[in-house]
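Shown here: protein.txt, compact mmCIF, C-alpha atoms and all ligand atoms.
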```
# COMPACT_ATOMS: atom_id res chain seq x y z
CA MET A 1 100.20 20.05 101.24
CA LYS A 2 99.24 17.00 99.17
CA LEU A 3 96.10 15.46 100.52
CA ILE A 4 93.66 12.71 99.52
CA LEU A 5 90.04 12.73 100.72
CA LEU A 6 88.66 9.20 100.70
CA GLY A 7 85.11 8.10 101.39
CA PRO A 8 81.94 6.66 99.88
CA PRO A 9 79.65 8.65 97.54
CA GLY A 10 78.04 11.50 99.48
CA ALA A 11 80.45 11.23 102.42
CA GLY A 12 81.28 14.93 102.15
CA LYS A 13 84.55 14.86 100.18
CA GLY A 14 83.53 17.76 97.94
CA THR A 15 82.07 19.78 100.84
CA GLN A 16 85.23 19.44 102.93
CA ALA A 17 87.57 19.92 99.96
CA GLN A 18 85.96 23.31 99.25
CA ALA A 19 86.54 24.39 102.84
CA LEU A 20 90.16 23.18 102.73
CA VAL A 21 90.86 25.12 99.52
CA GLU A 22 90.27 28.29 101.55
CA SER A 23 92.15 27.26 104.68
CA LEU A 24 95.15 25.60 102.99
CA GLY A 25 95.37 27.76 99.86
CA VAL A 26 95.77 24.79 97.51
CA VAL A 27 93.61 23.58 94.61
CA GLN A 28 90.86 20.95 94.72
CA LEU A 29 91.14 18.24 92.08
CA SER A 30 87.75 16.55 91.76
CA THR A 31 87.88 13.79 89.16
CA GLY A 32 84.06 13.60 89.21
CA ASP A 33 83.85 17.33 88.31
CA MET A 34 86.46 16.90 85.55
CA LEU A 35 84.55 13.98 84.05
CA ARG A 36 81.19 15.79 84.30
CA ALA A 37 82.75 18.81 82.52
CA ALA A 38 83.91 16.49 79.71
CA VAL A 39 80.42 14.97 79.44
CA ALA A 40 78.80 18.44 79.36
CA ALA A 41 81.26 19.63 76.67
CA GLY A 42 80.60 16.50 74.57
CA THR A 43 84.32 15.70 74.14
CA ASP A 44 85.51 12.23 73.04
CA LEU A 45 86.32 11.49 76.67
CA GLY A 46 82.88 12.68 77.73
CA LYS A 47 81.21 10.39 75.20
CA ARG A 48 83.27 7.43 76.46
CA VAL A 49 82.46 7.92 80.13
CA LYS A 50 78.84 9.20 80.11
CA ALA A 51 77.10 5.81 80.29
CA ILE A 52 79.62 4.45 82.82
CA MET A 53 78.97 7.37 85.19
CA GLU A 54 75.21 7.20 84.78
CA ALA A 55 75.37 3.50 85.73
CA GLY A 56 77.39 4.37 88.87
CA GLU A 57 80.38 2.32 87.76
CA LEU A 58 84.03 3.30 87.76
CA VAL A 59 85.73 4.80 84.71
CA PRO A 60 88.71 2.64 83.54
CA ASP A 61 91.96 3.16 85.45
CA ASP A 62 94.07 4.14 82.40
CA ILE A 63 91.78 7.11 81.66
CA MET A 64 91.83 8.32 85.26
CA ILE A 65 95.57 7.90 85.72
CA GLU A 66 96.33 9.90 82.56
CA MET A 67 93.86 12.60 83.61
CA ILE A 68 95.48 13.09 87.02
CA ALA A 69 99.06 12.87 85.69
CA GLU A 70 98.30 15.75 83.30
CA ARG A 71 96.45 17.76 85.92
CA ILE A 72 99.09 17.63 88.67
CA ALA A 73 101.71 18.77 86.16
CA GLU A 74 99.91 22.12 85.81
CA PRO A 75 101.44 25.18 87.54
CA ASP A 76 98.55 25.70 90.00
CA CYS A 77 99.38 22.33 91.61
CA ALA A 78 102.94 23.35 92.47
CA LYS A 79 101.95 24.42 96.02
CA GLY A 80 99.95 21.24 96.59
CA PHE A 81 96.46 19.86 95.99
CA ILE A 82 93.47 18.14 97.54
CA LEU A 83 92.41 15.03 95.64
CA ASP A 84 88.65 14.46 95.83
CA GLY A 85 87.61 11.22 94.07
CA PHE A 86 91.06 9.89 93.14
CA PRO A 87 92.53 7.33 93.64
CA ARG A 88 89.60 4.93 93.68
CA THR A 89 91.31 1.60 93.02
CA VAL A 90 94.59 0.05 94.15
CA ALA A 91 95.86 0.33 90.54
CA GLN A 92 95.19 4.10 90.63
CA ALA A 93 96.92 4.41 94.01
CA THR A 94 100.08 2.59 92.91
CA ALA A 95 100.22 4.63 89.68
CA PHE A 96 99.82 7.81 91.77
CA ASP A 97 102.67 6.73 94.08
CA ARG A 98 104.88 6.36 90.99
CA MET A 99 103.88 9.84 89.74
CA LEU A 100 104.84 11.40 93.06
CA GLU A 101 108.11 9.46 93.20
CA GLU A 102 109.11 10.66 89.74
CA LYS A 103 108.58 14.25 90.89
CA SER A 104 110.28 13.61 94.28
CA LEU A 105 107.03 14.58 96.00
CA LYS A 106 105.53 13.12 99.16
CA LEU A 107 101.90 12.48 100.04
CA ASP A 108 101.15 14.24 103.36
CA ARG A 109 97.82 12.74 104.44
CA VAL A 110 94.90 10.55 103.42
CA ILE A 111 91.70 11.45 105.26
CA GLU A 112 88.96 8.84 105.34
CA ILE A 113 85.49 10.37 105.86
CA GLN A 114 83.60 7.46 107.37
CA VAL A 115 79.80 7.30 106.89
CA GLU A 116 77.33 4.39 107.01
CA ASP A 117 75.56 3.46 103.78
CA LEU A 118 71.97 4.41 104.66
CA PRO A 119 72.44 8.14 105.40
CA LEU A 120 74.45 8.47 102.19
CA ILE A 121 71.34 7.87 100.12
CA GLU A 122 69.54 10.76 101.84
CA ARG A 123 72.61 12.93 101.34
CA VAL A 124 72.87 12.44 97.59
CA GLU A 125 69.11 12.57 96.99
CA GLY A 126 68.93 15.95 98.79
CA ARG A 127 71.98 17.46 97.10
CA PHE A 128 71.78 20.35 94.60
CA THR A 129 74.31 22.74 93.14
CA CYS A 130 74.27 26.35 91.95
CA ALA A 131 74.22 26.28 88.12
CA SER A 132 76.36 29.46 87.94
CA CYS A 133 79.17 28.95 90.47
CA GLY A 134 78.90 25.28 91.46
CA GLU A 135 78.40 25.90 95.20
CA GLY A 136 76.93 22.74 96.75
CA TYR A 137 73.79 22.64 98.94
CA HIS A 138 71.51 20.13 100.61
CA GLU A 139 67.73 20.29 101.16
CA ARG A 140 68.12 19.52 104.88
CA PHE A 141 71.76 19.90 105.88
CA LYS A 142 72.95 22.95 103.96
CA ARG A 143 70.21 25.19 102.66
CA PRO A 144 70.99 28.56 101.05
CA LYS A 145 70.51 31.43 103.54
CA ARG A 146 67.69 32.77 101.34
CA ASP A 147 65.57 30.12 99.62
CA GLY A 148 66.28 29.85 95.89
CA ILE A 149 69.29 32.22 95.95
CA CYS A 150 72.91 31.05 95.97
CA ASP A 151 74.83 32.41 99.00
CA VAL A 152 78.02 32.78 96.96
CA CYS A 153 77.03 34.33 93.62
CA GLY A 154 73.33 35.21 93.95
CA GLY A 155 72.43 32.74 91.17
CA THR A 156 68.86 31.49 91.10
CA GLU A 157 69.25 28.31 89.03
CA PHE A 158 70.21 25.03 90.62
CA VAL A 159 71.04 21.63 89.13
CA ARG A 160 70.99 18.02 90.34
CA ARG A 161 73.30 15.23 89.25
CA LYS A 162 71.93 12.44 87.06
CA ASP A 163 73.62 9.78 89.17
CA ASP A 164 72.10 11.06 92.44
CA ASN A 165 69.24 8.57 92.68
CA GLY A 166 68.61 5.49 94.82
CA GLU A 167 69.18 2.96 92.03
CA THR A 168 72.52 4.37 90.85
CA MET A 169 73.60 4.86 94.46
CA LYS A 170 73.44 1.08 94.98
CA ALA A 171 75.98 0.61 92.18
CA ARG A 172 78.15 3.50 93.44
CA LEU A 173 78.21 2.06 96.96
CA LYS A 174 79.08 -1.39 95.61
CA ALA A 175 81.94 0.11 93.59
CA TYR A 176 83.15 1.86 96.75
CA HIS A 177 83.09 -1.25 98.95
CA ASP A 178 84.54 -3.59 96.30
CA GLN A 179 87.15 -1.39 94.66
CA THR A 180 87.90 1.70 96.78
CA ALA A 181 87.72 0.43 100.39
CA PRO A 182 90.86 -1.75 99.81
CA LEU A 183 92.75 1.57 99.71
CA LEU A 184 92.22 1.95 103.46
CA PRO A 185 94.65 -0.85 104.46
CA TYR A 186 96.92 0.27 101.61
CA TYR A 187 97.32 3.78 103.10
CA ARG A 188 97.18 2.58 106.70
CA GLY A 189 100.28 0.53 105.89
CA ARG A 190 101.99 3.71 104.69
CA LYS A 191 101.08 5.46 107.97
CA VAL A 192 99.37 8.42 106.27
CA LEU A 193 95.73 7.47 106.93
CA ARG A 194 93.52 9.35 109.43
CA THR A 195 89.80 8.64 109.89
CA VAL A 196 87.16 11.25 110.75
CA ASP A 197 83.53 10.71 111.73
CA GLY A 198 81.59 11.73 108.62
CA MET A 199 78.25 11.15 110.43
CA ALA A 200 78.90 14.33 112.44
CA SER A 201 77.81 17.80 111.26
CA ILE A 202 79.68 19.51 108.41
CA GLU A 203 81.33 21.90 110.90
CA GLU A 204 82.40 19.08 113.22
CA VAL A 205 83.88 17.09 110.32
CA LYS A 206 85.78 20.22 109.30
CA ARG A 207 87.15 20.52 112.84
CA GLN A 208 88.20 16.85 112.93
CA ILE A 209 89.99 17.17 109.59
CA GLY A 210 91.80 20.27 110.85
CA ALA A 211 92.95 18.29 113.88
CA ALA A 212 94.05 15.34 111.70
CA LEU A 213 96.20 17.66 109.58
P1 LIG B 301 82.33 11.76 92.13
O1 LIG B 301 81.86 13.03 91.58
O2 LIG B 301 83.69 11.68 92.74
O3 LIG B 301 81.21 11.25 93.15
P2 LIG B 301 81.28 10.42 94.51
O4 LIG B 301 82.55 9.85 94.97
O5 LIG B 301 80.17 9.46 94.33
O6 LIG B 301 81.11 11.49 95.56
P3 LIG B 301 80.05 12.60 95.62
O7 LIG B 301 80.51 13.79 94.83
O8 LIG B 301 78.69 12.06 95.28
O9 LIG B 301 80.02 12.90 97.17
P4 LIG B 301 80.97 13.71 98.13
O10 LIG B 301 81.67 12.76 99.03
O11 LIG B 301 81.80 14.73 97.40
O12 LIG B 301 79.83 14.44 99.00
P5 LIG B 301 79.36 15.96 99.04
O13 LIG B 301 80.39 16.80 99.71
O14 LIG B 301 78.88 16.41 97.72
O15 LIG B 301 82.27 10.63 91.03
C1 LIG B 301 81.17 10.47 90.16
C2 LIG B 301 81.46 9.36 89.16
O16 LIG B 301 82.61 9.71 88.37
C3 LIG B 301 81.80 7.99 89.77
O17 LIG B 301 80.65 7.25 90.09
C4 LIG B 301 82.62 7.37 88.63
O18 LIG B 301 81.79 6.89 87.60
C5 LIG B 301 83.41 8.54 88.09
N1 LIG B 301 84.73 8.72 88.72
C6 LIG B 301 85.18 9.82 89.40
N2 LIG B 301 86.44 9.64 89.82
C7 LIG B 301 86.82 8.40 89.41
C8 LIG B 301 88.00 7.63 89.55
N3 LIG B 301 89.08 8.10 90.22
N4 LIG B 301 88.04 6.39 89.01
C9 LIG B 301 86.97 5.89 88.33
N5 LIG B 301 85.81 6.57 88.15
C10 LIG B 301 85.73 7.82 88.69
O19 LIG B 301 78.14 15.80 100.05
C11 LIG B 301 76.93 15.16 99.65
C12 LIG B 301 75.73 15.94 100.22
O20 LIG B 301 75.69 15.78 101.63
C13 LIG B 301 75.80 17.46 99.97
O21 LIG B 301 74.51 17.93 99.67
C14 LIG B 301 76.33 18.05 101.29
O22 LIG B 301 75.81 19.35 101.53
C15 LIG B 301 75.82 17.03 102.31
N6 LIG B 301 76.77 16.82 103.40
C16 LIG B 301 78.13 16.78 103.33
N7 LIG B 301 78.67 16.53 104.53
C17 LIG B 301 77.63 16.38 105.40
C18 LIG B 301 77.54 16.11 106.80
N8 LIG B 301 78.61 15.93 107.56
N9 LIG B 301 76.29 16.04 107.34
C19 LIG B 301 75.17 16.22 106.60
N10 LIG B 301 75.21 16.50 105.26
C20 LIG B 301 76.42 16.57 104.67
```
Rewrite the coordinates I just gave you, this time as structure tokens.
Amino acid sequence: MKLILLGPPGAGKGTQAQALVESLGVVQLSTGDMLRAAVAAGTDLGKRVKAIMEAGELVPDDIMIEMIAERIAEPDCAKGFILDGFPRTVAQATAFDRMLEEKSLKLDRVIEIQVEDLPLIERVEGRFTCASCGEGYHERFKRPKRDGICDVCGGTEFVRRKDDNGETMKARLKAYHDQTAPLLPYYRGRKVLRTVDGMASIEEVKRQIGAAL
């Protein structure tokens, strides 16, 4: 299964990708996580992209295309993958099509998680992540079963993303509407696009994605 999750910042791409990893048995490729790991490790790439990400803008296409080309060539992608955060521009999508063609692979589905702008701000401002295992939570919508303790690993330290604030969200939403939303007609034309209601609960979105697959 080769799947793309498309949607604005905070739509639930990461949340749903994690659930699909379990049900489909394929890997999640989150370009945001890869870039944040590079920033945290202080690599040359990390130094190049840090300010761009903190401003809520998109990292240049050539960097992202090379990153994904290398990643999908790794053995754990042989069974398939869920792309979370890529492609984000038409240039990335056409480059990705070429990558698949060269490997004689076919894209199975693109799932659009549709959410209005206003609730997205509440979603990202309430989001936090376990510092040990990376499990994602939300102050209102997905609290740990026991306050302050990660359900998955028992960790007690949580982190918040630097770009999860109202000001940066404006830039991230603008980047989505200007540069990523044009991918919807692009994939609709290829007859692989399905849209789910991302305003519904996490469980309901999961169900709708299952039905769309
Ligand atoms: P990235 O990390 O991809 O961020 P994003 O697209 O802004 O998406 P998020 O991770 O913020 O949201 P999500 O949709 O995964 O939502 P989540 O499941 O966490 O990118 C960060 C930056 O990296 C970009 O700004 C850019 O600079 C750069 N970048 C990355 N890829 C790039 C590319 N290809 N090209 C160029 N630049 C790139 O959910 C959010 C919260 O809401 C959680 O707390 C969750 O619990 C909660 N929630 C989820 N679903 C629901 C629901 N249905 N109801 C209620 N709450 C919900």
Item to check | ligand LIG 301 (chain B) neighbours within 7 Å using all atoms listed in the file, as a PyMOL selection string | outcome: chain A and resi 7-16+30-33+35+52-53+56-61+64+84-88+123-124+126-128+136-138+141-142+172+198-202+205
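Considering the residues A:Ala55, A:Val152, A:Ala78, A:Cys130 and counting only C-alpha atoms, Gly25 in chain A has its shortest atom-to-atom contact with A:Ala78.
Restricting the calculation to only C-alpha atoms, the smallest distance between Arg109 in chain A and any of A:Asp76, A:Val90, A:Leu83, A:Asp44 is found for A:Leu83.
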Checklist entry - Can you list, as a list of chain:residue names, every protein, DNA or RNA residue that comes within 8 Å of Gln28 in chain A when you count all atoms listed in the file, leaving out same-chain residues fewer than 5 positions away? => result A:Ala17, A:Gln18, A:Val21, A:Phe81, A:Ile82, A:Leu83, A:Asp84
Please write the residues from the selection above to a file, keeping C-alpha atoms, as a PDB file, keeping the file's coordinate frame.
```pdb
ATOM      1  CA  ALA A  17      87.570  19.920  99.960  1.00  0.00           C
ATOM      2  CA  GLN A  18      85.960  23.310  99.250  1.00  0.00           C
ATOM      3  CA  VAL A  21      90.860  25.120  99.520  1.00  0.00           C
ATOM      4  CA  PHE A  81      96.460  19.860  95.990  1.00  0.00           C
ATOM      5  CA  ILE A  82      93.470  18.140  97.540  1.00  0.00           C
ATOM      6  CA  LEU A  83      92.410  15.030  95.640  1.00  0.00           C
ATOM      7  CA  ASP A  84      88.650  14.460  95.830  1.00  0.00           C
TER       8      ASP A  84
END
```
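Going from CA of Phe96 in chain A to CA of Glu66 in chain A covers 10.1 Å.
Among the candidates A:Ile111, A:Ala91, A:Ala51, A:Ile4, the residue lying nearest to Lys206 in chain A is A:Ile111 (atoms considered: all atoms listed in the file).
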Checklist entry - Could you pull the residues within 8 Å of Val192 in chain A, counting all atoms listed in the file, minus those fewer than 5 positions along the same chain, as a list in words? => result Leu107, Asp108, Arg109, Val110 and Tyr187 of chain A
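The nearest approach to Leu5 in chain A among the residues A:Leu120, A:Ala40, A:Leu24, A:Leu29, with all atoms listed in the file taken into account, belongs to A:Leu29.
In this model, the gap between CA of Val159 in chain A and CA of Val39 in chain A comes to 15.0 Å.
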Item to check | Residue with smallest distance to Leu105 in chain A - pool A:Pro75, A:Pro144, A:Pro119, A:Gly80, counting all atoms listed in the file | outcome: A:Gly80
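The space separating CA of Arg140 in chain A from CA of Cys153 in chain A comes to 20.6 Å.
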Item to check | Using only C-alpha atoms: which of A:Thr94, A:Thr156, A:Ser104, A:Asn165 has the shortest distance to Ile121 in chain A | outcome: A:Asn165
